[in-house]
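Q: Structure supplied as protein_22.txt; contents: compact mmCIF, C-alpha atoms.
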```
# COMPACT_ATOMS: atom_id res chain seq x y z
CA MET A 201 -2.98 -18.48 -20.81
CA ASN A 202 -2.83 -17.58 -17.13
CA ILE A 203 -2.92 -13.81 -17.37
CA ALA A 204 -1.11 -13.42 -14.05
CA ASP A 205 1.86 -15.35 -15.47
CA SER A 206 1.72 -13.28 -18.63
CA PHE A 207 1.74 -10.15 -16.49
CA LEU A 208 4.97 -11.16 -14.77
CA GLN A 209 6.69 -12.27 -17.96
CA ASN A 210 5.97 -9.01 -19.77
CA TYR A 211 5.87 -6.51 -16.91
CA HIS A 212 8.59 -4.16 -18.12
CA SER A 213 6.98 -3.85 -21.55
CA PHE A 214 3.91 -2.07 -20.17
CA LYS A 215 5.10 -0.58 -16.86
CA ALA A 216 3.92 3.05 -16.72
CA ASP A 217 6.64 5.69 -16.97
CA VAL A 218 6.10 7.13 -13.50
CA SER A 219 8.50 6.43 -10.67
CA GLY A 220 9.50 7.63 -7.23
CA ARG A 221 7.46 7.87 -4.06
CA PHE A 222 6.02 11.32 -4.82
CA LEU A 223 3.10 11.39 -7.25
CA SER A 224 0.78 14.38 -7.63
CA TYR A 225 -2.18 15.03 -9.91
CA LYS A 226 0.19 17.00 -12.14
CA GLU A 227 2.07 13.75 -12.91
CA LEU A 228 -1.04 11.56 -12.96
CA SER A 229 -3.12 13.61 -15.40
CA PRO A 230 -0.87 13.06 -18.47
CA GLN A 231 -0.94 9.33 -17.80
CA LEU A 232 -4.74 9.31 -17.87
CA LYS A 233 -4.80 11.39 -21.04
CA LYS A 234 -2.65 8.76 -22.78
CA LEU A 235 -5.14 5.96 -22.18
CA GLY A 236 -6.78 4.45 -25.24
CA ALA A 237 -10.40 4.52 -26.32
CA GLU A 238 -11.21 1.32 -24.44
CA PHE A 239 -10.86 3.29 -21.19
CA ARG A 240 -13.56 5.72 -20.09
CA VAL A 241 -11.99 8.55 -18.06
CA THR A 242 -14.54 10.73 -16.24
CA GLU A 243 -14.30 13.58 -13.78
CA ILE A 244 -16.43 12.47 -10.85
CA GLY A 245 -15.83 15.42 -8.51
CA ARG A 246 -13.38 17.96 -7.16
CA SER A 247 -11.16 18.16 -4.10
CA PHE A 248 -11.44 20.89 -1.48
CA LEU A 249 -8.94 22.95 -3.53
CA ASN A 250 -10.93 22.28 -6.71
CA VAL A 251 -8.54 19.73 -8.23
CA PRO A 252 -10.28 17.14 -10.45
CA ILE A 253 -10.94 13.67 -9.06
CA GLU A 254 -11.23 11.27 -11.97
CA SER A 255 -12.31 7.70 -12.49
CA VAL A 256 -11.29 5.18 -15.13
CA LYS A 257 -13.71 2.49 -16.26
CA ILE A 258 -12.77 -0.60 -18.25
CA GLY A 259 -14.71 -3.74 -19.08
CA SER A 260 -18.38 -4.35 -19.67
CA GLY A 261 -19.24 -7.30 -17.46
CA PRO A 262 -21.96 -7.70 -14.85
CA VAL A 263 -19.54 -8.14 -11.93
CA LYS A 264 -18.59 -4.66 -10.78
CA ILE A 265 -15.40 -3.84 -8.86
CA LEU A 266 -14.66 -0.42 -7.35
CA ALA A 267 -11.00 0.34 -6.53
CA TRP A 268 -9.61 3.59 -5.14
CA SER A 269 -6.06 4.72 -4.44
CA GLN A 270 -4.25 7.62 -2.75
CA MET A 271 -6.99 8.15 -0.22
CA HIS A 272 -3.84 8.99 1.74
CA GLY A 273 -1.87 11.43 -0.38
CA ASN A 274 1.55 10.06 0.57
CA GLU A 275 0.67 6.46 -0.40
CA THR A 276 1.48 6.28 -4.09
CA THR A 277 2.52 2.68 -4.81
CA THR A 278 -0.97 1.47 -5.66
CA THR A 279 -1.63 4.44 -7.97
CA LYS A 280 1.42 3.53 -10.03
CA GLY A 281 0.33 -0.10 -9.97
CA LEU A 282 -3.12 0.80 -11.27
CA LEU A 283 -1.50 2.61 -14.20
CA ASP A 284 0.53 -0.55 -14.88
CA LEU A 285 -2.67 -2.60 -14.79
CA LEU A 286 -4.39 -0.34 -17.31
CA ASN A 287 -1.38 -0.53 -19.62
CA PHE A 288 -1.40 -4.32 -19.29
CA PHE A 289 -5.04 -4.51 -20.33
CA SER A 290 -4.37 -2.20 -23.24
CA GLN A 291 -1.41 -4.23 -24.51
CA PHE A 292 -3.10 -7.63 -24.11
CA LYS A 293 -6.70 -6.71 -24.87
CA ASP A 294 -6.83 -9.12 -27.83
CA GLU A 295 -5.84 -12.15 -25.75
CA LYS A 296 -8.72 -14.51 -25.10
CA GLU A 297 -8.27 -14.71 -21.32
CA VAL A 298 -8.02 -10.92 -20.97
CA GLN A 299 -11.15 -10.56 -23.08
CA GLN A 300 -12.92 -12.99 -20.76
CA VAL A 301 -12.04 -10.87 -17.74
CA LEU A 302 -13.18 -7.66 -19.44
CA ASN A 303 -16.36 -9.28 -20.72
CA ASP A 304 -17.31 -10.57 -17.27
CA ILE A 305 -16.09 -7.68 -15.10
CA THR A 306 -16.52 -3.92 -15.07
CA LEU A 307 -13.66 -2.27 -13.19
CA LEU A 308 -14.06 1.30 -11.95
CA ILE A 309 -10.85 2.87 -10.65
CA ILE A 310 -10.33 6.13 -8.77
CA PRO A 311 -6.55 6.48 -9.09
CA MET A 312 -6.19 9.54 -6.83
CA LEU A 313 -8.94 10.30 -4.34
CA ASN A 314 -6.91 12.88 -2.39
CA PRO A 315 -5.07 15.12 -4.88
CA ASP A 316 -4.60 17.93 -2.35
CA GLY A 317 -2.80 15.59 0.05
CA ALA A 318 -0.85 14.09 -2.85
CA ALA A 319 0.52 17.52 -3.82
CA ARG A 320 1.76 17.99 -0.24
CA TYR A 321 2.77 14.37 0.39
CA THR A 322 0.53 14.17 3.44
CA ARG A 323 -1.66 11.37 4.70
CA GLU A 324 -4.54 13.79 5.32
CA ASN A 325 -6.30 16.10 2.88
CA VAL A 326 -5.66 19.85 2.95
CA ASN A 327 -8.07 20.22 5.89
CA LYS A 328 -5.95 17.74 7.90
CA THR A 329 -8.69 15.12 7.77
CA ASP A 330 -7.85 11.45 7.39
CA LEU A 331 -10.31 10.48 4.67
CA ASN A 332 -10.15 6.87 5.87
CA ARG A 333 -11.81 7.99 9.10
CA ASP A 334 -14.53 10.04 7.40
CA ALA A 335 -16.76 7.26 6.11
CA CYS A 336 -19.75 8.15 8.30
CA ASP A 337 -19.48 11.90 8.82
CA LEU A 338 -18.53 12.70 5.21
CA HIS A 339 -17.12 16.05 6.26
CA GLU A 340 -14.80 16.30 3.28
CA PRO A 341 -15.66 16.67 -0.43
CA GLU A 342 -13.32 13.82 -1.34
CA SER A 343 -15.20 11.47 1.00
CA ARG A 344 -18.50 12.51 -0.57
CA VAL A 345 -17.11 11.84 -4.05
CA LEU A 346 -16.24 8.27 -3.07
CA ARG A 347 -19.61 7.69 -1.41
CA THR A 348 -21.51 8.99 -4.43
CA CYS A 349 -19.43 6.77 -6.69
CA PHE A 350 -20.18 3.78 -4.45
CA LYS A 351 -23.93 4.47 -4.51
CA ASN A 352 -24.12 5.07 -8.23
CA PHE A 353 -21.90 2.18 -9.28
CA GLN A 354 -23.25 -0.37 -6.77
CA PRO A 355 -20.12 -2.54 -6.78
CA ASP A 356 -19.98 -6.25 -6.09
CA PHE A 357 -16.44 -5.88 -4.66
CA CYS A 358 -14.44 -2.98 -3.24
CA PHE A 359 -10.64 -2.71 -3.25
CA ASN A 360 -9.25 -0.16 -0.78
CA LEU A 361 -5.63 0.48 -1.82
CA HIS A 362 -2.90 1.77 0.51
CA ASP A 363 0.76 1.79 1.53
CA GLN A 364 1.94 0.74 4.97
CA ARG A 365 5.05 1.76 6.88
CA THR A 366 8.33 -0.15 6.88
CA ILE A 367 7.80 -1.04 10.55
CA PHE A 368 5.56 -4.01 9.73
CA GLY A 369 6.65 -7.62 9.57
CA ALA A 370 4.63 -10.68 8.57
CA GLY A 371 4.29 -12.57 11.81
CA LYS A 372 7.09 -13.13 14.32
CA GLU A 373 9.81 -14.22 11.92
CA ARG A 374 12.31 -11.91 10.25
CA ASN A 375 10.07 -11.33 7.22
CA PRO A 376 8.98 -7.85 6.14
CA ALA A 377 5.31 -7.50 5.28
CA SER A 378 5.86 -6.65 1.62
CA LEU A 379 2.12 -6.94 1.06
CA SER A 380 -0.66 -7.18 3.62
CA PHE A 381 -4.38 -7.75 3.23
CA LEU A 382 -7.51 -7.46 5.33
CA ALA A 383 -11.12 -8.48 5.00
CA PRO A 384 -12.45 -5.72 7.30
CA SER A 385 -14.91 -6.50 10.06
CA MET A 386 -18.58 -5.64 9.65
CA ASP A 387 -19.30 -5.16 13.35
CA GLU A 388 -17.67 -5.05 16.77
CA GLU A 389 -18.02 -8.82 17.11
CA ARG A 390 -16.03 -9.38 13.89
CA THR A 391 -18.83 -11.62 12.66
CA LEU A 392 -18.08 -14.01 9.82
CA THR A 393 -20.77 -13.55 7.18
CA GLU A 394 -20.84 -14.84 3.61
CA VAL A 395 -19.90 -11.34 2.42
CA ARG A 396 -16.82 -11.14 4.62
CA GLU A 397 -15.86 -14.74 3.93
CA ASN A 398 -15.92 -14.05 0.19
CA ALA A 399 -13.42 -11.25 0.76
CA MET A 400 -11.29 -13.65 2.81
CA LYS A 401 -11.38 -16.31 0.10
CA LEU A 402 -10.23 -13.83 -2.51
CA ILE A 403 -7.32 -12.86 -0.25
CA VAL A 404 -6.41 -16.54 0.09
CA ALA A 405 -6.27 -16.84 -3.70
CA MET A 406 -3.89 -13.87 -3.91
CA ASN A 407 -1.77 -15.10 -1.03
CA LYS A 408 -1.30 -18.53 -2.60
CA ALA A 409 -0.03 -16.95 -5.79
CA LEU A 410 2.24 -14.52 -3.91
CA GLN A 411 3.83 -17.24 -1.78
CA GLY A 412 5.52 -18.49 -4.94
CA LEU A 413 7.19 -15.08 -5.31
CA ILE A 414 7.68 -13.75 -1.77
CA PRO A 415 7.35 -16.70 0.63
CA GLY A 416 6.63 -15.57 4.16
CA GLN A 417 6.30 -11.89 3.22
CA VAL A 418 2.50 -11.55 3.15
CA GLY A 419 0.76 -10.31 6.27
CA ARG A 420 -2.79 -10.03 7.58
CA PHE A 421 -3.82 -6.61 8.87
CA ASP A 422 -5.58 -6.09 12.19
CA ASP A 423 -9.38 -6.44 11.90
CA SER A 424 -10.52 -4.25 14.80
CA PHE A 425 -13.83 -2.69 13.79
CA ASN A 426 -14.24 1.04 13.17
CA ILE A 427 -17.36 2.05 11.25
CA ASN A 428 -15.69 5.39 10.43
CA CYS A 429 -13.11 3.52 8.32
CA THR A 430 -14.14 3.26 4.69
CA GLY A 431 -13.43 -0.44 4.30
CA ASP A 432 -15.37 -1.35 7.45
CA TYR A 433 -18.27 0.86 6.33
CA PHE A 434 -18.49 -0.68 2.86
CA GLN A 435 -18.18 -4.21 4.27
CA ALA A 436 -21.03 -3.34 6.63
CA GLN A 437 -23.09 -2.42 3.56
CA HIS A 438 -22.72 -6.08 2.52
CA VAL A 439 -20.17 -5.52 -0.23
CA PRO A 440 -17.08 -7.77 -0.02
CA THR A 441 -14.23 -5.34 0.62
CA ILE A 442 -10.49 -5.92 0.68
CA LEU A 443 -7.80 -3.68 2.10
CA PHE A 444 -4.49 -3.87 0.21
CA GLU A 445 -1.38 -2.56 2.00
CA CYS A 446 1.89 -2.20 0.08
CA GLY A 447 4.88 -2.54 2.37
CA HIS A 448 8.64 -2.98 2.26
CA PHE A 449 10.54 -5.37 0.01
CA PRO A 450 14.21 -5.68 1.04
CA GLY A 451 16.25 -2.80 -0.37
CA ASP A 452 13.26 -1.32 -2.20
CA TYR A 453 12.58 2.05 -0.61
CA GLN A 454 11.17 3.36 -3.89
CA ARG A 455 8.72 0.42 -3.76
CA GLU A 456 9.19 -0.54 -7.39
CA LYS A 457 9.25 -4.28 -6.59
CA THR A 458 6.30 -3.89 -4.24
CA ARG A 459 4.47 -2.06 -7.04
CA GLU A 460 4.94 -5.04 -9.35
CA LEU A 461 3.84 -7.53 -6.68
CA PHE A 462 0.78 -5.45 -5.82
CA THR A 463 -0.32 -5.20 -9.44
CA TYR A 464 0.27 -8.92 -9.90
CA SER A 465 -2.04 -9.57 -6.93
CA LEU A 466 -4.71 -7.43 -8.61
CA VAL A 467 -4.45 -9.49 -11.79
CA VAL A 468 -4.74 -12.70 -9.74
CA ALA A 469 -7.82 -11.31 -7.98
CA LEU A 470 -9.54 -10.25 -11.20
CA GLN A 471 -9.01 -13.64 -12.83
CA ALA A 472 -10.16 -15.41 -9.64
CA ILE A 473 -13.35 -13.33 -9.61
CA GLN A 474 -13.98 -13.86 -13.33
CA SER A 475 -13.52 -17.64 -13.02
CA LYS A 476 -15.17 -17.83 -9.58
CA GLN A 477 -12.22 -19.99 -8.49
CA TYR A 478 -11.84 -17.98 -5.28
CA LEU A 479 -15.08 -19.53 -3.99
CA LYS A 480 -13.25 -22.85 -3.65
CA GLU A 481 -10.75 -21.43 -1.16
CA ALA A 482 -10.96 -22.12 2.59
CA VAL A 483 -11.56 -19.38 5.14
CA ASP A 484 -9.19 -21.15 7.54
CA ASP A 485 -6.38 -20.39 5.08
CA TYR A 486 -7.09 -16.69 5.54
CA PHE A 487 -6.53 -16.93 9.28
CA ALA A 488 -3.33 -18.90 8.64
CA ILE A 489 -1.79 -15.80 7.06
CA PRO A 490 0.48 -14.33 9.78
CA GLU A 491 -0.71 -11.13 11.40
CA ASN A 492 1.16 -7.90 10.81
CA SER A 493 3.54 -7.12 13.65
CA LYS A 494 5.38 -3.90 14.44
CA SER A 495 8.71 -5.68 14.40
CA PHE A 496 11.04 -3.63 12.16
CA TYR A 497 13.08 -0.45 12.09
CA ASP A 498 14.85 0.77 9.00
CA VAL A 499 18.36 0.52 10.49
CA ILE A 500 19.63 -0.94 13.75
CA LEU A 501 23.17 -0.52 15.05
CA ARG A 502 23.82 -3.36 17.47
CA ASN A 503 26.23 -3.31 20.40
CA VAL A 504 27.26 0.35 20.29
CA VAL A 505 28.52 2.36 23.22
CA VAL A 506 26.68 5.59 24.10
CA LYS A 507 27.63 7.50 27.24
CA GLY A 508 29.59 4.47 28.42
CA GLN A 509 26.62 2.09 28.06
CA GLU A 510 26.30 -0.67 25.47
CA LEU A 511 23.04 -0.27 23.56
CA ASP A 512 21.27 -0.93 20.30
CA ILE A 513 20.23 2.16 18.32
CA ALA A 514 17.22 2.02 16.00
CA PHE A 515 16.74 4.51 13.17
CA GLN A 516 13.57 5.14 11.19
CA PHE A 517 13.60 7.10 7.95
CA LYS A 518 11.57 10.29 7.96
CA GLU A 519 10.17 11.10 4.51
CA ILE A 520 10.22 14.70 3.26
CA ILE A 521 9.75 16.36 -0.12
CA ARG A 522 12.97 17.80 -1.51
CA ALA A 523 13.17 19.14 -5.09
CA GLY A 524 10.05 17.25 -6.09
CA GLU A 525 11.31 13.91 -4.77
CA ILE A 526 11.12 12.10 -1.46
CA ASP A 527 14.23 12.23 0.68
CA PHE A 528 14.77 9.76 3.50
CA LEU A 529 16.23 11.24 6.67
CA PRO A 530 17.41 8.83 9.39
CA GLN A 531 15.94 9.68 12.79
CA VAL A 532 16.92 8.03 16.07
CA GLN A 533 13.76 6.30 17.28
CA THR A 534 14.98 4.44 20.33
CA MET A 535 18.12 3.39 22.15
CA ALA A 536 18.00 0.41 24.50
CA PRO A 537 19.95 -2.71 25.42
CA ARG A 538 19.26 -5.67 23.13
CA LEU A 539 16.30 -4.50 21.09
CA SER A 540 14.12 -7.51 20.33
CA VAL A 541 13.03 -6.24 16.91
CA PHE A 542 14.64 -6.42 13.47
CA GLY A 543 16.34 -3.91 11.23
CA HIS A 544 15.94 -3.91 7.49
CA GLN A 545 19.66 -3.16 7.70
CA GLU A 546 21.73 -4.11 10.75
CA ILE A 547 25.34 -3.47 11.72
CA ASP A 548 27.14 -5.06 14.65
CA ALA A 549 29.36 -2.30 16.03
CA LYS A 550 31.05 -4.78 18.40
CA GLY A 551 31.32 -2.28 21.21
CA GLY A 552 32.25 0.70 19.05
CA VAL A 553 31.63 4.20 20.39
CA VAL A 554 28.99 6.22 18.52
CA LYS A 555 28.71 10.01 18.38
CA ASN A 556 27.35 12.56 15.94
CA LEU A 557 29.63 14.50 13.58
CA ASP A 558 30.14 17.18 16.22
CA LYS A 559 31.37 14.41 18.55
CA GLU A 560 28.32 14.96 20.76
CA GLU A 561 26.23 12.14 22.21
CA LEU A 562 23.26 10.89 20.20
CA SER A 563 19.77 11.36 21.60
CA GLU A 564 16.37 10.02 20.62
CA ASN A 565 14.66 12.01 17.84
CA ASP A 566 17.99 13.28 16.46
CA ILE A 567 18.12 13.33 12.65
CA VAL A 568 21.59 12.18 11.61
CA GLU A 569 22.54 11.17 8.08
CA VAL A 570 26.14 10.40 9.06
CA ILE A 571 27.52 9.35 12.44
CA LEU A 572 30.93 8.67 13.90
CA LEU A 573 31.65 5.05 14.81
CA ASN A 574 35.00 4.89 16.60
CA ASN A 575 35.68 8.30 15.01
CA GLU A 576 35.13 6.89 11.49
CA LYS A 577 32.26 8.28 9.41
CA LEU A 578 29.34 5.92 8.81
CA SER A 579 26.46 6.96 6.53
CA ILE A 580 23.16 5.72 7.89
CA LYS A 581 21.31 7.08 4.90
CA THR A 582 23.16 4.99 2.32
CA LEU A 583 23.30 1.66 4.14
```
What does this structure look like when you write it as structure tokens?

A:
Amino acid sequence: MNIADSFLQNYHSFKADVSGRFLSYKELSPQLKKLGAEFRVTEIGRSFLNVPIESVKIGSGPVKILAWSQMHGNETTTTKGLLDLLNFFSQFKDEKEVQQVLNDITLLIIPMLNPDGAARYTRENVNKTDLNRDACDLHEPESRVLRTCFKNFQPDFCFNLHDQRTIFGAGKERNPASLSFLAPSMDEERTLTEVRENAMKLIVAMNKALQGLIPGQVGRFDDSFNINCTGDYFQAQHVPTILFECGHFPGDYQREKTRELFTYSLVVALQAIQSKQYLKEAVDDYFAIPENSKSFYDVILRNVVVKGQELDIAFQFKEIIRAGEIDFLPQVQTMAPRLSVFGHQEIDAKGGVVKNLDKEELSENDIVEVILLNNEKLSIKTL
């Protein structure tokens, strides 16, 4: 049995019962408490506000993989995916191929590194520090928890799990970057070492599998070196490290489809490591993955008239917490003739006049859920 295929075929039977873009420790904790005896849940530290940071260990093999999620508190897709992965292993633990993975690999997961940021739906922790820029200074307690875990566990691979904004496309075509990967650089010269090449080969294995599901929608993240970034730091310690970035799948602002695709890529990676099949992949295939490009807005109105001038108007959704859920508020990002980027949703206004509901002219940075197009209401939020 190919366990990645089994994952896809049975996904909804073990998908964790958490949903939505907002996920705090309050919602995560009951999920960890429900895990079976085969999972070892341990408190490995506390956040600045004294919230537990926990790890989950599964497997008993010699190859050790460290994965951490919600380093940025508002990036929740990979946390939900990790819960799906744990449920998958629990449901299929008696299958031979799953047993092989768990006999050959020990997986240590930190599902929520930044619980203070998660509670506030912020990228930074409560001290307004980006933990992914604190790898050297270790100013924050959460950063020190991860470093201690890294030193004690001594992983053979690191998986750095994130979400990316809807602005990213995969290359120059009209393809959203639903998933993106990076084998971070180890130095300013972006040297190719065996360690970094192994990370690249594992990405190639995942990309090949994903192309059968989302052709053209996998991107390669920028590899500029910054030793203060956690992935770059761990790669520089000669541990193959992979950055995962969950992006936009068409129409999926809750990222439920992206969640499934991300978790599928994890299953592919684990089986590739267990079988050592990734070592047969070519590094050139990594560089053939199209680079991420900032080529999308959430909504573009084409050929509208503002103040007597024909323009395109681009909207980006601003995410805020409202009643414990994330609300998406359309904000005017730019207005210009013939924008050369794409919209996840586009409308050709064919020269229609656009104003806000007060019949005033639109301006950049305005937040408008509904506009007037030729004096008819048009909801940007529900497109």

Q: As a list in words, please: the residues near stretch 460-469 of chain A (cut-off 6 Å, all atoms listed in the file, same-chain neighbours under 6 positions excluded).

A: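 Close residues of stretch 460-469 of chain A: Ala204, Gly281 and Met406 of chain A.
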
Q: Please, which residues are within 7 Å of (21.7, 6.2, 20.6) by the file's coordinates, counting only C-alpha atoms, and could they come as an mmCIF file with C-alpha atoms, in the frame of the given file?

A:
```
data_model
loop_
_atom_site.group_PDB
_atom_site.id
_atom_site.type_symbol
_atom_site.label_atom_id
_atom_site.label_comp_id
_atom_site.auth_asym_id
_atom_site.auth_seq_id
_atom_site.Cartn_x
_atom_site.Cartn_y
_atom_site.Cartn_z
ATOM 1 C CA VAL A 506 26.680 5.590 24.100
ATOM 2 C CA ILE A 513 20.230 2.160 18.320
ATOM 3 C CA VAL A 532 16.920 8.030 16.070
ATOM 4 C CA THR A 534 14.980 4.440 20.330
ATOM 5 C CA MET A 535 18.120 3.390 22.150
ATOM 6 C CA LEU A 562 23.260 10.890 20.200
ATOM 7 C CA SER A 563 19.770 11.360 21.600
ATOM 8 C CA GLU A 564 16.370 10.020 20.620
#
```

Q: Give me, as CSV, the closest atom pair and its distance (Å, one decimal) for every residue of stretch 237-301 of chain A within a cut-off of 10 Å of stretch 354-360 of chain A, counting all atoms listed in the file, rows sorted by chain and rising number.

A:
```
residue,atom,partner,partner_atom,distance
A:Pro262,CA,A:Asp356,CA,9.1
A:Val263,CA,A:Asp356,CA,6.2
A:Lys264,CA,A:Pro355,CA,4.8
A:Ile265,CA,A:Phe357,CA,4.8
A:Leu266,CA,A:Cys358,CA,4.8
A:Ala267,CA,A:Phe359,CA,4.5
A:Trp268,CA,A:Asn360,CA,5.8
A:Ser269,CA,A:Asn360,CA,6.9
A:Gln270,CA,A:Asn360,CA,9.5
A:Met271,CA,A:Asn360,CA,8.6
A:Thr278,CA,A:Asn360,CA,9.7
```

Q: Of the candidates A:Ile253, A:Arg221, A:Arg344, A:Glu243, which shows the shortest atom-to-atom distance to A:Phe528, using all atoms listed in the file?

A: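 Between A:Ile253, A:Arg221, A:Arg344, A:Glu243, the residue approaching A:Phe528 most closely is A:Arg221.
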
Q: Within 7 Å of A:Pro537, counting only C-alpha atoms, which residues show up once you throw out same-chain ones fewer than 4 positions away? Write them as a PyMOL selection string, please.

A: chain A and resi 510-512

Q: Write out as a VMD selection string the residues lying within 9 Å of stretch 424-435 of chain A, counting all atoms listed in the file and excluding same-chain residues fewer than 5 positions away.

A: chain A and resid 331 to 337 350 358 to 360 383 to 390 395 to 396 440 to 443

Q: What's the separation between atom CA of A:Ile580 and atom CA of A:Tyr321, in Å to one decimal place?

A: 23.4 Å

Q: For A:Val570, list every protein, DNA or RNA residue within 10 Å, evaluated using only C-alpha atoms, and leave out those in the same chain fewer than 6 positions away; present the list as JSON, numbers by chain.

A: {"A": [530, 555, 556, 557, 576, 577, 578, 579, 580, 581, 582]}

Q: Of the candidates A:Pro415, A:Gly551, A:Pro315, A:Gly245, which shows the shortest atom-to-atom distance to A:Ala370, using all atoms listed in the file?

A: A:Pro415

Q: What is the atom CA of A:Glu569 to atom CA of A:Val554 distance in Å?

A: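 These two atoms are separated by 13.2 Å.
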
Q: Restricting the calculation to all atoms listed in the file: of A:Thr458, A:Ser247, A:Asn492, A:Ser380, which residue gets closest to A:Asn314?

A: A:Ser247

Q: Enter the distance from atom CA of A:Gln531 to atom CA of A:Leu379, in Å, rounded to one decimal.

A: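 Atom CA of A:Leu379 lies 24.6 Å from atom CA of A:Gln531.
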
Q: Write out as JSON lines the residues of stretch 311-418 of chain A that have any atom within 6 Å of an atom of stretch 470-488 of chain A, one row each with the nearest atom pair and its distance in Å to one decimal, counting all atoms listed in the file, sorted by chain and then rising number.

A:
```
{"residue": "A:Met400", "atom": "CA", "partner": "A:Tyr486", "partner_atom": "CA", "distance": 5.9}
{"residue": "A:Lys401", "atom": "CA", "partner": "A:Glu481", "partner_atom": "CA", "distance": 5.3}
{"residue": "A:Leu402", "atom": "CA", "partner": "A:Tyr478", "partner_atom": "CA", "distance": 5.2}
{"residue": "A:Val404", "atom": "CA", "partner": "A:Tyr486", "partner_atom": "CA", "distance": 5.5}
{"residue": "A:Ala405", "atom": "CA", "partner": "A:Tyr478", "partner_atom": "CA", "distance": 5.9}
```

Q: Output C-alpha atoms for every residue in the selection just made, as a short mmCIF file (atom, residue, chain, number, x, y, z; two decimals), keeping the file's coordinate frame.

A:
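Result file is selection30.cif:
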```cif
data_model
loop_
_atom_site.label_atom_id
_atom_site.label_comp_id
_atom_site.auth_asym_id
_atom_site.auth_seq_id
_atom_site.Cartn_x
_atom_site.Cartn_y
_atom_site.Cartn_z
CA MET A 400 -11.29 -13.65 2.81
CA LYS A 401 -11.38 -16.31 0.10
CA LEU A 402 -10.23 -13.83 -2.51
CA VAL A 404 -6.41 -16.54 0.09
CA ALA A 405 -6.27 -16.84 -3.70
#
```

Q: Please list as a ChimeraX atom specification every residue within 6 Å of A:His362, counting only C-alpha atoms and excluding residues in the same chain fewer than 2 positions away.

A: /A:275,444-445

Q: Can you sort out the box for stretch 404-421 of chain A, edges along x, y and z, all listed atoms in, 4 Å on every side, with centre and edge lengths in Å to one decimal, as AutoDock Vina command-line options?

A:
```
--center_x 0.6 --center_y -12.6 --center_z 1.5 --size_x 22.1 --size_y 19.9 --size_z 22.7
```

Q: Can I get stretch 441-452 of chain A with N, CA and C atoms filled in, as an mmCIF file, in the frame of the given file?

A:
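Once written, result07.cif looks like this:
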```cif
data_model
loop_
_atom_site.group_PDB
_atom_site.id
_atom_site.type_symbol
_atom_site.label_atom_id
_atom_site.label_comp_id
_atom_site.auth_asym_id
_atom_site.auth_seq_id
_atom_site.Cartn_x
_atom_site.Cartn_y
_atom_site.Cartn_z
ATOM 1 N N THR A 441 -15.221 -6.404 0.712
ATOM 2 C CA THR A 441 -14.230 -5.340 0.620
ATOM 3 C C THR A 441 -12.883 -5.864 1.080
ATOM 4 N N ILE A 442 -11.845 -5.480 0.353
ATOM 5 C CA ILE A 442 -10.490 -5.920 0.680
ATOM 6 C C ILE A 442 -9.583 -4.710 0.815
ATOM 7 N N LEU A 443 -8.848 -4.672 1.907
ATOM 8 C CA LEU A 443 -7.800 -3.680 2.100
ATOM 9 C C LEU A 443 -6.479 -4.262 1.591
ATOM 10 N N PHE A 444 -5.824 -3.535 0.693
ATOM 11 C CA PHE A 444 -4.490 -3.870 0.210
ATOM 12 C C PHE A 444 -3.510 -2.902 0.864
ATOM 13 N N GLU A 445 -2.418 -3.408 1.399
ATOM 14 C CA GLU A 445 -1.380 -2.560 2.000
ATOM 15 C C GLU A 445 -0.031 -2.933 1.394
ATOM 16 N N CYS A 446 0.565 -1.989 0.675
ATOM 17 C CA CYS A 446 1.890 -2.200 0.080
ATOM 18 C C CYS A 446 2.961 -1.827 1.101
ATOM 19 N N GLY A 447 3.847 -2.768 1.376
ATOM 20 C CA GLY A 447 4.880 -2.540 2.370
ATOM 21 C C GLY A 447 6.278 -2.615 1.785
ATOM 22 N N HIS A 448 7.220 -3.040 2.611
ATOM 23 C CA HIS A 448 8.640 -2.980 2.260
ATOM 24 C C HIS A 448 9.133 -4.310 1.701
ATOM 25 N N PHE A 449 9.771 -4.244 0.548
ATOM 26 C CA PHE A 449 10.540 -5.370 0.010
ATOM 27 C C PHE A 449 12.003 -5.027 0.239
ATOM 28 N N PRO A 450 12.820 -5.996 0.662
ATOM 29 C CA PRO A 450 14.210 -5.680 1.040
ATOM 30 C C PRO A 450 14.940 -4.828 -0.005
ATOM 31 N N GLY A 451 15.468 -3.699 0.468
ATOM 32 C CA GLY A 451 16.250 -2.800 -0.370
ATOM 33 C C GLY A 451 15.443 -1.920 -1.301
ATOM 34 N N ASP A 452 14.135 -1.972 -1.214
ATOM 35 C CA ASP A 452 13.260 -1.320 -2.200
ATOM 36 C C ASP A 452 12.509 -0.146 -1.592
#
```
